[in-house]
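Source file: entry-v8.cif. Holds: mmCIF, C-alpha atoms.
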data_coords
loop_
_atom_site.label_atom_id
_atom_site.label_comp_id
_atom_site.auth_asym_id
_atom_site.auth_seq_id
_atom_site.Cartn_x
_atom_site.Cartn_y
_atom_site.Cartn_z
CA MET F 9 1.23 25.10 -26.28
CA VAL F 10 -0.12 22.38 -23.98
CA GLU F 11 2.50 20.95 -21.62
CA ARG F 12 3.25 17.26 -22.17
CA ILE F 13 3.11 15.50 -18.79
CA GLN F 14 5.82 12.92 -18.24
CA ARG F 15 5.70 9.67 -16.30
CA VAL F 16 6.57 10.13 -12.61
CA LYS F 17 10.17 9.23 -11.71
CA GLY F 18 10.52 5.73 -10.27
CA THR F 19 7.39 4.39 -11.99
CA ARG F 20 6.93 2.58 -15.28
CA ASP F 21 4.27 2.09 -17.94
CA LEU F 22 3.54 -1.58 -18.51
CA LEU F 23 2.63 -2.40 -22.10
CA PRO F 24 0.70 -5.49 -23.29
CA GLU F 25 3.95 -7.42 -23.90
CA ASP F 26 5.02 -6.59 -20.32
CA MET F 27 1.70 -7.52 -18.80
CA VAL F 28 1.50 -10.95 -20.43
CA LYS F 29 4.85 -11.84 -18.83
CA ARG F 30 3.80 -10.49 -15.44
CA ARG F 31 0.50 -12.33 -15.53
CA TYR F 32 2.34 -15.57 -16.34
CA VAL F 33 4.70 -15.11 -13.38
CA PHE F 34 1.86 -14.10 -11.04
CA GLU F 35 -0.18 -17.14 -12.01
CA ARG F 36 2.70 -19.59 -11.56
CA ILE F 37 3.42 -18.17 -8.10
CA ARG F 38 -0.28 -18.04 -7.19
CA GLU F 39 -0.68 -21.74 -8.08
CA VAL F 40 2.12 -22.71 -5.68
CA PHE F 41 0.83 -20.45 -2.90
CA GLU F 42 -2.61 -22.06 -3.13
CA ALA F 43 -1.15 -25.58 -3.36
CA TYR F 44 0.36 -24.89 0.08
CA GLY F 45 -3.05 -23.88 1.46
CA PHE F 46 -2.55 -20.10 1.49
CA LYS F 47 -5.61 -17.94 0.74
CA GLU F 48 -5.49 -14.61 -1.07
CA ILE F 49 -6.12 -11.28 0.67
CA LEU F 50 -5.45 -7.65 -0.19
CA THR F 51 -5.38 -4.70 2.21
CA PRO F 52 -5.91 -0.97 1.40
CA THR F 53 -3.26 0.79 -0.68
CA PHE F 54 -2.91 3.42 2.04
CA GLU F 55 -2.96 3.19 5.83
CA TYR F 56 -2.49 5.53 8.77
CA THR F 57 1.18 6.56 8.78
CA LYS F 58 1.38 5.53 12.44
CA LEU F 59 1.03 1.88 11.39
CA PHE F 60 4.35 1.99 9.54
CA GLU F 61 6.09 4.21 12.07
CA LEU F 62 5.43 1.71 14.86
CA ARG F 63 7.63 -1.07 13.61
CA SER F 64 8.95 -0.76 10.06
CA GLY F 65 12.42 0.55 10.92
CA GLU F 66 13.94 3.98 10.36
CA GLU F 67 14.99 3.41 6.74
CA VAL F 68 11.46 2.49 5.61
CA VAL F 69 9.84 5.32 7.60
CA GLU F 70 12.13 7.83 5.85
CA GLN F 71 10.98 6.44 2.49
CA LEU F 72 7.23 6.62 3.12
CA TYR F 73 4.96 8.34 0.64
CA ALA F 74 3.17 10.18 3.47
CA PHE F 75 0.47 12.81 3.01
CA GLU F 76 -2.39 14.54 4.81
CA ASP F 77 -5.82 13.89 3.32
CA LYS F 78 -8.70 16.38 3.11
CA GLY F 79 -9.89 15.33 6.56
CA GLY F 80 -6.50 16.12 8.12
CA ARG F 81 -5.56 12.45 8.57
CA ASN F 82 -1.88 11.51 8.22
CA LEU F 83 -1.78 8.63 5.71
CA SER F 84 0.90 6.74 3.78
CA LEU F 85 0.98 4.50 0.73
CA ARG F 86 1.95 1.02 1.89
CA PRO F 87 5.71 0.29 1.68
CA ASP F 88 5.05 -3.42 2.37
CA LEU F 89 2.08 -5.56 3.35
CA THR F 90 3.33 -7.25 6.53
CA SER F 91 2.35 -4.34 8.77
CA SER F 92 -1.08 -4.13 7.13
CA VAL F 93 -1.59 -7.88 7.53
CA ALA F 94 -0.68 -7.61 11.22
CA ARG F 95 -3.20 -4.76 11.59
CA LEU F 96 -5.89 -6.84 9.86
CA PHE F 97 -5.16 -9.81 12.11
CA VAL F 98 -5.36 -7.69 15.28
CA ASN F 99 -8.59 -6.04 14.10
CA SER F 100 -10.54 -9.16 13.20
CA PHE F 101 -8.76 -12.53 13.45
CA GLN F 102 -7.12 -12.97 16.86
CA THR F 103 -9.58 -15.71 17.85
CA ALA F 104 -9.57 -17.45 14.44
CA PRO F 105 -8.20 -21.03 14.20
CA LYS F 106 -4.41 -21.11 13.80
CA PRO F 107 -2.31 -21.08 11.78
CA ILE F 108 -3.70 -18.42 9.48
CA LYS F 109 -2.15 -18.73 6.01
CA TRP F 110 -2.61 -15.66 3.80
CA TYR F 111 -1.00 -14.54 0.56
CA TYR F 112 -1.09 -11.36 -1.49
CA ILE F 113 0.05 -9.94 -4.82
CA GLY F 114 0.05 -6.16 -4.90
CA ASN F 115 1.86 -2.89 -5.53
CA MET F 116 3.94 -1.11 -2.85
CA PHE F 117 5.52 2.35 -2.70
CA ARG F 118 8.81 3.67 -1.33
CA TYR F 119 10.48 7.00 -2.00
CA GLU F 120 14.01 5.86 -2.79
CA GLU F 121 16.49 6.44 -5.61
CA PRO F 122 15.45 4.32 -8.62
CA GLN F 123 18.02 1.79 -9.85
CA SER F 124 18.17 -1.66 -11.44
CA GLY F 125 15.39 -3.75 -9.93
CA ARG F 126 14.34 -0.94 -7.57
CA LEU F 127 11.45 1.43 -8.35
CA ARG F 128 9.28 3.78 -6.30
CA GLU F 129 6.21 1.79 -7.24
CA PHE F 130 6.89 -1.94 -7.24
CA TRP F 131 5.01 -5.22 -6.95
CA GLN F 132 5.44 -7.99 -4.43
CA ALA F 133 4.00 -11.48 -4.04
CA GLY F 134 4.15 -12.65 -0.46
CA VAL F 135 2.77 -14.84 2.30
CA GLU F 136 2.20 -14.50 6.02
CA LEU F 137 1.81 -17.55 8.27
CA ILE F 138 0.41 -16.43 11.62
CA GLY F 139 0.01 -18.42 14.82
CA SER F 140 2.75 -21.08 14.83
CA PRO F 141 5.93 -20.71 16.94
CA ASN F 142 7.37 -23.96 15.61
CA ILE F 143 10.31 -24.44 13.24
CA GLU F 144 7.87 -26.34 11.01
CA ALA F 145 6.31 -22.98 10.08
CA ASP F 146 9.71 -21.55 9.10
CA ALA F 147 10.40 -24.64 6.98
CA GLU F 148 6.98 -24.36 5.32
CA VAL F 149 7.46 -20.76 4.17
CA ILE F 150 11.09 -21.28 3.08
CA ALA F 151 10.10 -24.37 1.06
CA LEU F 152 7.22 -22.37 -0.43
CA LEU F 153 9.58 -19.54 -1.39
CA ILE F 154 11.91 -21.99 -3.14
CA GLU F 155 9.06 -23.72 -4.98
CA SER F 156 7.64 -20.35 -6.04
CA TYR F 157 10.87 -19.51 -7.85
CA LEU F 158 11.08 -22.99 -9.36
CA SER F 159 7.52 -22.60 -10.71
CA THR F 160 8.64 -19.63 -12.83
CA GLY F 161 11.45 -21.70 -14.40
CA LEU F 162 14.26 -20.20 -12.32
CA LYS F 163 16.83 -22.85 -11.37
CA GLU F 164 20.00 -20.92 -10.46
CA PHE F 165 19.33 -19.35 -7.08
CA THR F 166 19.82 -19.94 -3.37
CA VAL F 167 17.82 -19.04 -0.29
CA ASN F 168 20.35 -17.95 2.32
CA ILE F 169 19.22 -18.46 5.91
CA GLY F 170 20.41 -16.53 8.95
CA ASP F 171 19.17 -15.84 12.46
CA ARG F 172 18.54 -12.57 14.30
CA ILE F 173 18.85 -14.21 17.74
CA LEU F 174 22.36 -15.36 16.85
CA LEU F 175 23.23 -11.82 15.75
CA ASP F 176 21.89 -10.51 19.08
CA GLU F 177 24.08 -13.02 20.90
CA PHE F 178 27.03 -12.04 18.72
CA ALA F 179 26.53 -8.36 19.63
CA LYS F 180 26.51 -9.31 23.32
CA MET F 181 29.76 -11.25 22.83
CA LEU F 182 31.34 -8.09 21.45
CA GLY F 183 29.89 -5.96 24.24
CA VAL F 184 27.97 -3.84 21.72
CA LYS F 185 25.03 -1.95 23.22
CA ASP F 186 23.57 -0.79 19.89
CA ASP F 187 22.88 -4.24 18.47
CA ILE F 188 20.38 -2.86 15.90
CA GLY F 189 23.06 -0.49 14.61
CA LEU F 190 25.52 -3.37 14.22
CA MET F 191 22.90 -5.44 12.39
CA ARG F 192 22.23 -2.58 9.99
CA LEU F 193 25.95 -2.35 9.25
CA ILE F 194 26.20 -6.10 8.65
CA ASP F 195 23.07 -5.97 6.48
CA LYS F 196 24.75 -3.39 4.20
CA LYS F 197 28.08 -5.23 3.91
CA ASP F 198 27.43 -6.45 0.36
CA LYS F 199 26.88 -2.87 -0.82
CA MET F 200 30.32 -1.75 0.46
CA GLU F 201 33.92 -2.35 -0.50
CA LYS F 202 35.82 -4.34 2.15
CA GLU F 203 37.86 -1.28 3.25
CA GLU F 204 34.71 0.82 3.47
CA PHE F 205 33.01 -1.85 5.61
CA ILE F 206 36.04 -2.08 7.94
CA LYS F 207 36.06 1.73 8.29
CA ALA F 208 32.34 1.69 9.15
CA LEU F 209 32.97 -0.96 11.83
CA GLN F 210 35.82 1.10 13.26
CA ASP F 211 33.61 4.20 13.33
CA PHE F 212 31.01 2.09 15.11
CA GLY F 213 33.57 1.51 17.87
CA LEU F 214 34.87 -1.99 17.17
CA ASN F 215 38.56 -2.81 17.70
CA GLU F 216 40.71 -4.99 15.46
CA ASP F 217 39.87 -8.20 17.32
CA ASP F 218 36.13 -7.46 17.19
CA ILE F 219 36.31 -6.70 13.47
CA LYS F 220 38.04 -10.06 12.90
CA LYS F 221 35.14 -11.75 14.72
CA VAL F 222 32.66 -9.90 12.47
CA PHE F 223 34.44 -11.31 9.42
CA ASP F 224 34.49 -14.77 11.03
CA LEU F 225 30.73 -14.42 11.37
CA ILE F 226 29.93 -13.27 7.84
CA GLU F 227 32.18 -15.96 6.37
CA LEU F 228 30.00 -18.63 8.01
CA LYS F 229 28.16 -19.46 4.82
CA GLY F 230 27.43 -22.79 3.16
CA LYS F 231 25.79 -26.14 3.80
CA PRO F 232 24.98 -27.14 7.42
CA ASP F 233 27.69 -29.82 7.65
CA GLU F 234 30.29 -27.21 6.63
CA VAL F 235 29.03 -24.28 8.69
CA LEU F 236 27.48 -25.59 11.91
CA PRO F 237 30.67 -27.08 13.48
CA LYS F 238 32.36 -23.67 13.13
CA ALA F 239 29.22 -21.92 14.38
CA TYR F 240 29.21 -23.97 17.59
CA GLU F 241 32.80 -22.80 18.15
CA LEU F 242 31.97 -19.13 17.55
CA PHE F 243 28.70 -19.00 19.52
CA THR F 244 29.13 -20.16 23.10
CA SER F 245 25.98 -19.04 24.93
CA GLU F 246 23.19 -21.51 25.71
CA ILE F 247 20.69 -19.32 23.84
CA ALA F 248 22.88 -19.45 20.73
CA LYS F 249 23.33 -23.22 20.98
CA GLU F 250 19.54 -23.73 21.19
CA GLU F 251 19.10 -21.56 18.11
CA LEU F 252 21.74 -23.55 16.22
CA LYS F 253 19.88 -26.77 17.07
CA LYS F 254 16.75 -25.17 15.61
CA ILE F 255 18.61 -24.41 12.38
CA GLU F 256 19.82 -28.03 12.22
CA GLU F 257 16.21 -29.20 12.48
CA LEU F 258 15.11 -26.64 9.87
CA PHE F 259 17.49 -28.12 7.29
CA GLU F 260 16.33 -31.65 8.12
CA LEU F 261 12.76 -30.55 7.42
CA LEU F 262 13.79 -28.89 4.15
CA LYS F 263 15.16 -32.29 3.09
CA ALA F 264 11.67 -33.73 3.58
CA TYR F 265 10.31 -31.00 1.29
CA GLY F 266 12.95 -31.97 -1.28
CA VAL F 267 14.30 -28.41 -1.58
CA GLU F 268 17.41 -28.52 0.65
CA ASN F 269 19.76 -28.11 -2.35
CA TYR F 270 18.52 -24.54 -2.79
CA ALA F 271 19.13 -23.53 0.83
CA LEU F 272 22.34 -22.30 2.47
CA ILE F 273 23.26 -21.00 5.91
CA ASP F 274 24.45 -17.39 5.92
CA PHE F 275 24.90 -15.91 9.39
CA GLY F 276 25.74 -12.52 7.88
CA ILE F 277 22.10 -11.92 6.93
CA ALA F 278 20.43 -9.30 9.11
CA ARG F 279 17.51 -8.14 6.89
CA GLY F 280 16.49 -4.50 6.79
CA PHE F 281 13.45 -4.49 9.03
CA ASP F 282 13.79 -4.18 12.78
CA TYR F 283 10.84 -6.47 13.50
CA TYR F 284 12.47 -9.81 12.63
CA THR F 285 13.08 -11.93 15.72
CA SER F 286 14.63 -15.28 14.75
CA ILE F 287 15.04 -17.10 11.40
CA VAL F 288 15.60 -14.70 8.48
CA PHE F 289 16.31 -15.50 4.83
CA GLU F 290 17.06 -13.95 1.45
CA ALA F 291 16.85 -15.32 -2.09
CA ILE F 292 19.77 -14.55 -4.39
CA ALA F 293 19.94 -15.36 -8.13
CA PRO F 294 23.29 -14.74 -9.90
CA ASN F 295 22.75 -12.21 -12.69
CA GLU F 296 24.48 -9.61 -14.86
CA LEU F 297 21.95 -6.86 -14.11
CA GLY F 298 23.26 -5.68 -10.76
CA ILE F 299 20.18 -7.03 -8.96
CA GLY F 300 20.81 -8.32 -5.44
CA SER F 301 18.15 -10.00 -3.32
CA ILE F 302 15.05 -11.11 -5.27
CA GLY F 303 13.00 -11.78 -2.15
CA GLY F 304 13.18 -12.72 1.49
CA GLY F 305 11.54 -12.69 4.85
CA GLY F 306 11.68 -14.18 8.29
CA ARG F 307 10.05 -14.67 11.66
CA TYR F 308 8.45 -11.68 13.41
CA ASP F 309 7.03 -12.92 16.71
CA ASN F 310 6.66 -9.47 18.32
CA LEU F 311 4.89 -7.49 15.60
CA ILE F 312 1.30 -8.45 16.43
CA GLU F 313 1.82 -7.28 20.01
CA VAL F 314 3.20 -3.92 18.83
CA PHE F 315 -0.14 -3.25 17.11
CA GLY F 316 -2.15 -4.02 20.25
CA GLY F 317 -2.74 -7.73 19.75
CA LYS F 318 -2.04 -10.66 22.02
CA PRO F 319 1.51 -12.10 21.68
CA THR F 320 1.31 -14.12 18.44
CA PRO F 321 4.14 -15.80 16.50
CA ALA F 322 4.33 -15.25 12.74
CA THR F 323 6.60 -15.69 9.75
CA GLY F 324 6.45 -14.81 6.06
CA PHE F 325 8.20 -13.53 2.96
CA ALA F 326 7.85 -11.26 -0.07
CA ILE F 327 9.09 -11.84 -3.63
CA GLY F 328 10.24 -8.75 -5.54
CA ILE F 329 8.52 -8.97 -8.92
CA GLU F 330 10.46 -6.02 -10.40
CA ARG F 331 13.63 -7.94 -9.60
CA LEU F 332 12.52 -11.43 -10.56
CA ILE F 333 11.09 -10.73 -14.03
CA PRO F 334 14.19 -8.95 -15.46
CA ILE F 335 16.32 -11.91 -14.34
CA LEU F 336 13.92 -14.40 -15.95
CA GLU F 337 14.02 -12.33 -19.16
CA ASN F 338 17.81 -11.97 -19.09
CA LYS F 339 18.25 -15.73 -18.70
CA GLY F 340 15.74 -16.47 -21.50
CA ILE F 341 13.55 -18.46 -19.13
CA LEU F 342 10.14 -16.95 -19.90
CA PRO F 343 8.10 -18.61 -22.67
CA LYS F 344 7.46 -16.75 -25.92
CA PHE F 345 4.09 -15.05 -25.58
CA LYS F 346 1.71 -14.03 -28.34
CA VAL F 347 0.22 -10.59 -27.76
CA GLY F 348 -2.79 -9.89 -29.96
CA SER F 349 -5.81 -11.64 -31.42
CA ASP F 350 -6.23 -15.02 -33.07
CA ALA F 351 -8.75 -13.97 -35.69
CA PHE F 352 -9.82 -10.84 -37.54
CA VAL F 353 -13.11 -10.28 -39.34
CA ALA F 354 -12.91 -7.96 -42.36
CA TYR F 355 -15.81 -6.90 -44.54
CA VAL F 356 -16.34 -5.29 -47.93
CA GLY F 357 -18.99 -2.59 -48.11
CA LYS F 358 -20.49 -0.05 -45.75
CA ASP F 359 -24.12 -1.01 -45.27
CA VAL F 360 -25.39 -1.81 -41.78
CA GLU F 361 -26.36 -5.41 -42.56
CA ILE F 362 -22.82 -6.47 -43.44
CA LYS F 363 -21.47 -4.73 -40.32
CA LYS F 364 -24.03 -6.55 -38.18
CA LYS F 365 -23.02 -9.88 -39.73
CA ALA F 366 -19.31 -9.08 -39.03
CA ILE F 367 -20.19 -8.46 -35.37
CA GLU F 368 -22.23 -11.68 -35.14
CA ILE F 369 -19.37 -13.77 -36.56
CA THR F 370 -16.86 -12.04 -34.25
CA GLN F 371 -19.07 -12.82 -31.25
CA MET F 372 -19.46 -16.42 -32.40
CA LEU F 373 -15.66 -16.80 -32.41
CA ARG F 374 -15.24 -15.09 -29.02
CA ARG F 375 -17.83 -17.34 -27.39
CA GLU F 376 -15.82 -20.35 -28.56
CA GLY F 377 -12.71 -19.07 -26.78
CA ILE F 378 -11.05 -17.54 -29.88
CA LYS F 379 -9.59 -14.06 -29.40
CA ALA F 380 -11.24 -12.11 -32.19
CA GLU F 381 -11.63 -8.56 -33.48
CA TYR F 382 -13.49 -7.03 -36.38
CA ASP F 383 -12.74 -3.91 -38.40
CA LEU F 384 -13.96 -0.92 -36.40
CA GLN F 385 -12.44 1.56 -38.85
CA GLY F 386 -14.37 0.69 -42.00
CA ARG F 387 -11.15 0.30 -44.02
CA LYS F 388 -10.71 -1.06 -47.50
CA LEU F 389 -9.94 -4.79 -47.59
CA ARG F 390 -6.18 -4.50 -48.18
CA LYS F 391 -5.66 -2.09 -45.27
CA SER F 392 -7.92 -4.22 -43.11
CA LEU F 393 -5.76 -7.30 -43.76
CA ASP F 394 -2.60 -5.27 -43.09
CA TYR F 395 -4.05 -4.46 -39.68
CA ALA F 396 -4.87 -8.14 -39.11
CA ASN F 397 -1.18 -8.88 -39.71
CA SER F 398 -0.11 -6.13 -37.29
CA ILE F 399 -2.09 -7.68 -34.42
CA GLY F 400 -0.72 -11.15 -35.14
CA ALA F 401 -4.01 -12.69 -36.30
CA LYS F 402 -3.50 -16.13 -37.85
CA VAL F 403 -7.00 -16.24 -39.30
CA ALA F 404 -8.83 -13.65 -41.38
CA ILE F 405 -12.52 -14.02 -42.17
CA ILE F 406 -13.62 -11.90 -45.11
CA LEU F 407 -17.25 -10.97 -45.66
CA GLY F 408 -18.61 -9.85 -49.03
CA LYS F 409 -22.21 -9.18 -50.08
CA ARG F 410 -22.31 -11.91 -52.72
CA ASP F 411 -20.78 -14.55 -50.39
CA LEU F 412 -23.15 -13.71 -47.58
CA ALA F 413 -26.13 -14.01 -49.89
CA GLU F 414 -25.03 -17.65 -50.32
CA GLY F 415 -24.42 -18.11 -46.57
CA LYS F 416 -20.65 -18.26 -47.04
CA VAL F 417 -17.48 -16.34 -46.09
CA THR F 418 -13.84 -16.49 -47.20
CA ILE F 419 -11.43 -17.75 -44.54
CA ARG F 420 -7.71 -17.06 -44.95
CA ASN F 421 -4.68 -18.59 -43.27
CA MET F 422 -2.62 -15.43 -42.70
CA GLU F 423 0.66 -17.34 -42.39
CA SER F 424 0.40 -19.43 -45.58
CA GLY F 425 -1.84 -17.08 -47.57
CA GLU F 426 -4.18 -19.99 -48.45
CA GLN F 427 -7.87 -19.20 -48.43
CA LYS F 428 -11.17 -20.88 -49.23
CA GLN F 429 -14.89 -20.35 -49.01
CA VAL F 430 -16.76 -22.00 -46.14
CA ILE F 431 -20.34 -21.93 -44.94
CA ILE F 432 -20.94 -19.72 -41.91
CA GLU F 433 -21.72 -22.73 -39.70
CA ARG F 434 -18.19 -24.07 -40.22
CA ILE F 435 -16.28 -20.83 -39.43
CA VAL F 436 -15.37 -21.82 -35.86
CA GLU F 437 -14.26 -25.33 -36.84
CA GLU F 438 -12.11 -24.04 -39.72
CA ALA F 439 -10.60 -21.27 -37.58
CA LYS F 440 -9.66 -23.73 -34.85
CA GLU F 441 -8.03 -26.02 -37.40
CA ILE F 442 -5.82 -23.16 -38.65
CA LEU F 443 -5.01 -22.08 -35.08
CA GLY F 444 -4.03 -25.63 -34.16
#
Go ahead and express the file in the form of structure tokens.
Amino acid sequence: MVERIQRVKGTRDLLPEDMVKRRYVFERIREVFEAYGFKEILTPTFEYTKLFELRSGEEVVEQLYAFEDKGGRNLSLRPDLTSSVARLFVNSFQTAPKPIKWYYIGNMFRYEEPQSGRLREFWQAGVELIGSPNIEADAEVIALLIESYLSTGLKEFTVNIGDRILLDEFAKMLGVKDDIGLMRLIDKKDKMEKEEFIKALQDFGLNEDDIKKVFDLIELKGKPDEVLPKAYELFTSEIAKEELKKIEELFELLKAYGVENYALIDFGIARGFDYYTSIVFEAIAPNELGIGSIGGGGRYDNLIEVFGGKPTPATGFAIGIERLIPILENKGILPKFKVGSDAFVAYVGKDVEIKKKAIEITQMLRREGIKAEYDLQGRKLRKSLDYANSIGAKVAIILGKRDLAEGKVTIRNMESGEQKQVIIERIVEEAKEILG
């Protein structure tokens, strides 16, 4: 007995009804990306493993799909595209006019435990804006992220904005030497119970007073006029105050974009990657599916240099498609899509001439933008029309020898059951009338 091979764990088969939804979401997002002047790129699905080891952070490196190819090269499937984009920039675009504005839509791979909204093969839509150190660049990508979600019909979400420099300053205030370790703990706070989080902070070496300050920090969340006065009290260093001024300006710029109502300050955001250097942000949409962040990003001014390039500022984000689409479906936001053909050509008889005429009429419909099929199975008329129903065809065109001899066909409205004879020259016009 032949073994039946199953789908690989953490992957999924996407059927036509899945793909029509994905294509809709991709196209809405692509339209917004291009309206903002971003141009599409795509890098190889696999890269040298070293590329991801250099700067992706321990958690991502542990989840790499790494392998040795037949030439003995150590390669990995891409876990994200930011590192690949940085490599591309260093290879070929360091002297190009700035800023460079690129976007991508592609599949990524991470070996992690599958759960709601998290697969081992997953798709992201993202942008990278390279070459601007200014807060205007941060505002541009955050506004673009917000408008991307709005384009899909999503209305209930926020983009929560934090700052890695402020977290560095906070770690210094506490006298913590392992600031990355503290950030990782803070980043995982939402996945822990409060007692578990406190225990983790204690194990990290923080005393009761320090732990209170950590909670003071992560409770700094809301609109700028609510949060910033408290933030100026908590952060006392000059570096921190300069960064807070930058965040004030960021929110003023978001007002100019008209998207400030979707943005909040959240100083408890650390983000998972080690390469973020300043402004970071995450998009959250309330849902019943157990899905957390649906996208995010931030500034990574040191990454280009890590890959051998000249110091170059950059910022960007990625949208998690496997997280966004289930939320859109759950909220009933996606339009109703028709999967199938508009018209079906059936014929009576088996001689070659009638088959040729069925093909010619099918091609005539297709060239006029009508999705059309004809009977490839040579079925009897009743079964042929049953199949037309199964594919959702609204129009059936029936060919018989006697009708064709007169230059006519029968055209049927599959919804009402009404049918009539028409001359071949009027098939397209009549079909379009039925299709509306």
Please write the residues picked by the PyMOL selection byres ((chain F and resi 344) around 12) on this file as a PDB file with C-alpha atoms, in the frame of the given file.
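See out_27.pdb below for the written result:
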ATOM      1  CA  GLU F  25       3.950  -7.420 -23.900  1.00  0.00           C
ATOM      2  CA  ASP F  26       5.020  -6.590 -20.320  1.00  0.00           C
ATOM      3  CA  VAL F  28       1.500 -10.950 -20.430  1.00  0.00           C
ATOM      4  CA  LYS F  29       4.850 -11.840 -18.830  1.00  0.00           C
ATOM      5  CA  TYR F  32       2.340 -15.570 -16.340  1.00  0.00           C
ATOM      6  CA  GLU F 337      14.020 -12.330 -19.160  1.00  0.00           C
ATOM      7  CA  GLY F 340      15.740 -16.470 -21.500  1.00  0.00           C
ATOM      8  CA  ILE F 341      13.550 -18.460 -19.130  1.00  0.00           C
ATOM      9  CA  LEU F 342      10.140 -16.950 -19.900  1.00  0.00           C
ATOM     10  CA  PRO F 343       8.100 -18.610 -22.670  1.00  0.00           C
ATOM     11  CA  PHE F 345       4.090 -15.050 -25.580  1.00  0.00           C
ATOM     12  CA  LYS F 346       1.710 -14.030 -28.340  1.00  0.00           C
ATOM     13  CA  VAL F 347       0.220 -10.590 -27.760  1.00  0.00           C
TER      14      VAL F 347
END
Residues proximal to (12.5, -9.1, -11.0) were defined as those with any atom within 10 Å of that point in the file's coordinates, counting all atoms listed in the file. Which are they, as a tab-separated table (two decimals) with C-alpha atoms, keeping the file's coordinate frame?
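Output (out_39.tsv):
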chain	number	residue	atom	x	y	z
F	30	ARG	CA	3.80	-10.49	-15.44
F	124	SER	CA	18.17	-1.66	-11.44
F	125	GLY	CA	15.39	-3.75	-9.93
F	126	ARG	CA	14.34	-0.94	-7.57
F	130	PHE	CA	6.89	-1.94	-7.24
F	131	TRP	CA	5.01	-5.22	-6.95
F	132	GLN	CA	5.44	-7.99	-4.43
F	299	ILE	CA	20.18	-7.03	-8.96
F	301	SER	CA	18.15	-10.00	-3.32
F	302	ILE	CA	15.05	-11.11	-5.27
F	303	GLY	CA	13.00	-11.78	-2.15
F	327	ILE	CA	9.09	-11.84	-3.63
F	328	GLY	CA	10.24	-8.75	-5.54
F	329	ILE	CA	8.52	-8.97	-8.92
F	330	GLU	CA	10.46	-6.02	-10.40
F	331	ARG	CA	13.63	-7.94	-9.60
F	332	LEU	CA	12.52	-11.43	-10.56
F	333	ILE	CA	11.09	-10.73	-14.03
F	334	PRO	CA	14.19	-8.95	-15.46
F	335	ILE	CA	16.32	-11.91	-14.34
F	336	LEU	CA	13.92	-14.40	-15.95
F	337	GLU	CA	14.02	-12.33	-19.16
Can you list, as an NGL selection string, every protein, DNA or RNA residue that comes within 7 Å of segment 309-322 of chain F when you count all atoms listed in the file, leaving out same-chain residues fewer than 3 positions away? :F and (94-95 or 98 or 137-141 or 283 or 285)
Show me a table, sorted first by chain and then by increasing residue number, of the residues of segment 216-318 of chain F having an atom at most 10 Å from segment 155-160 of chain F, each with its shortest atom pair and the distance in Å to one decimal, counting only C-alpha atoms and written as JSON lines.
{"residue": "F:Tyr265", "atom": "CA", "partner": "F:Glu155", "partner_atom": "CA", "distance": 9.7}
{"residue": "F:Gly266", "atom": "CA", "partner": "F:Glu155", "partner_atom": "CA", "distance": 9.8}
{"residue": "F:Val267", "atom": "CA", "partner": "F:Glu155", "partner_atom": "CA", "distance": 7.8}
{"residue": "F:Tyr270", "atom": "CA", "partner": "F:Glu155", "partner_atom": "CA", "distance": 9.7}
{"residue": "F:Ala291", "atom": "CA", "partner": "F:Tyr157", "partner_atom": "CA", "distance": 9.3}
{"residue": "F:Ala293", "atom": "CA", "partner": "F:Tyr157", "partner_atom": "CA", "distance": 10.0}
{"residue": "F:Ile302", "atom": "CA", "partner": "F:Tyr157", "partner_atom": "CA", "distance": 9.7}
{"residue": "F:Gly303", "atom": "CA", "partner": "F:Tyr157", "partner_atom": "CA", "distance": 9.8}
Using C-alpha atoms, can you write the selected residues to a file as a CSV table (one decimal), keeping the file's coordinate frame?
chain,number,residue,atom,x,y,z
F,265,TYR,CA,10.3,-31.0,1.3
F,266,GLY,CA,13.0,-32.0,-1.3
F,267,VAL,CA,14.3,-28.4,-1.6
F,270,TYR,CA,18.5,-24.5,-2.8
F,291,ALA,CA,16.8,-15.3,-2.1
F,293,ALA,CA,19.9,-15.4,-8.1
F,302,ILE,CA,15.0,-11.1,-5.3
F,303,GLY,CA,13.0,-11.8,-2.2
Once the PyMOL selection byres ((chain F and resi 168) around 8) has been evaluated on this model, what residues remain selected, and can you format them as a VMD selection string? chain F and resid 166 to 167 169 to 170 271 to 274 277 289 to 292
Selected residues written out with C-alpha atoms, as a JSON list (two decimals), keeping the file's coordinate frame:
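Written out: part37.json:
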[["chain", "number", "residue", "atom", "x", "y", "z"],
["F", 166, "THR", "CA", 19.82, -19.94, -3.37],
["F", 167, "VAL", "CA", 17.82, -19.04, -0.29],
["F", 169, "ILE", "CA", 19.22, -18.46, 5.91],
["F", 170, "GLY", "CA", 20.41, -16.53, 8.95],
["F", 271, "ALA", "CA", 19.13, -23.53, 0.83],
["F", 272, "LEU", "CA", 22.34, -22.30, 2.47],
["F", 273, "ILE", "CA", 23.26, -21.00, 5.91],
["F", 274, "ASP", "CA", 24.45, -17.39, 5.92],
["F", 277, "ILE", "CA", 22.10, -11.92, 6.93],
["F", 289, "PHE", "CA", 16.31, -15.50, 4.83],
["F", 290, "GLU", "CA", 17.06, -13.95, 1.45],
["F", 291, "ALA", "CA", 16.85, -15.32, -2.09],
["F", 292, "ILE", "CA", 19.77, -14.55, -4.39]]
Nearest to Tyr111 of chain F among F:Ala43, F:Ala396, F:Leu174, F:Leu22, with distances taken over only C-alpha atoms: which residue is it?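 Using only C-alpha atoms, Tyr111 of chain F sits closest to F:Ala43.
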Selection near Glu251 of chain F, 9 Å with all atoms listed in the file, sequence-local residues under 2 positions removed, as an MDAnalysis selection string: chainID F and resid 171 173:174 246:249 253:256 286
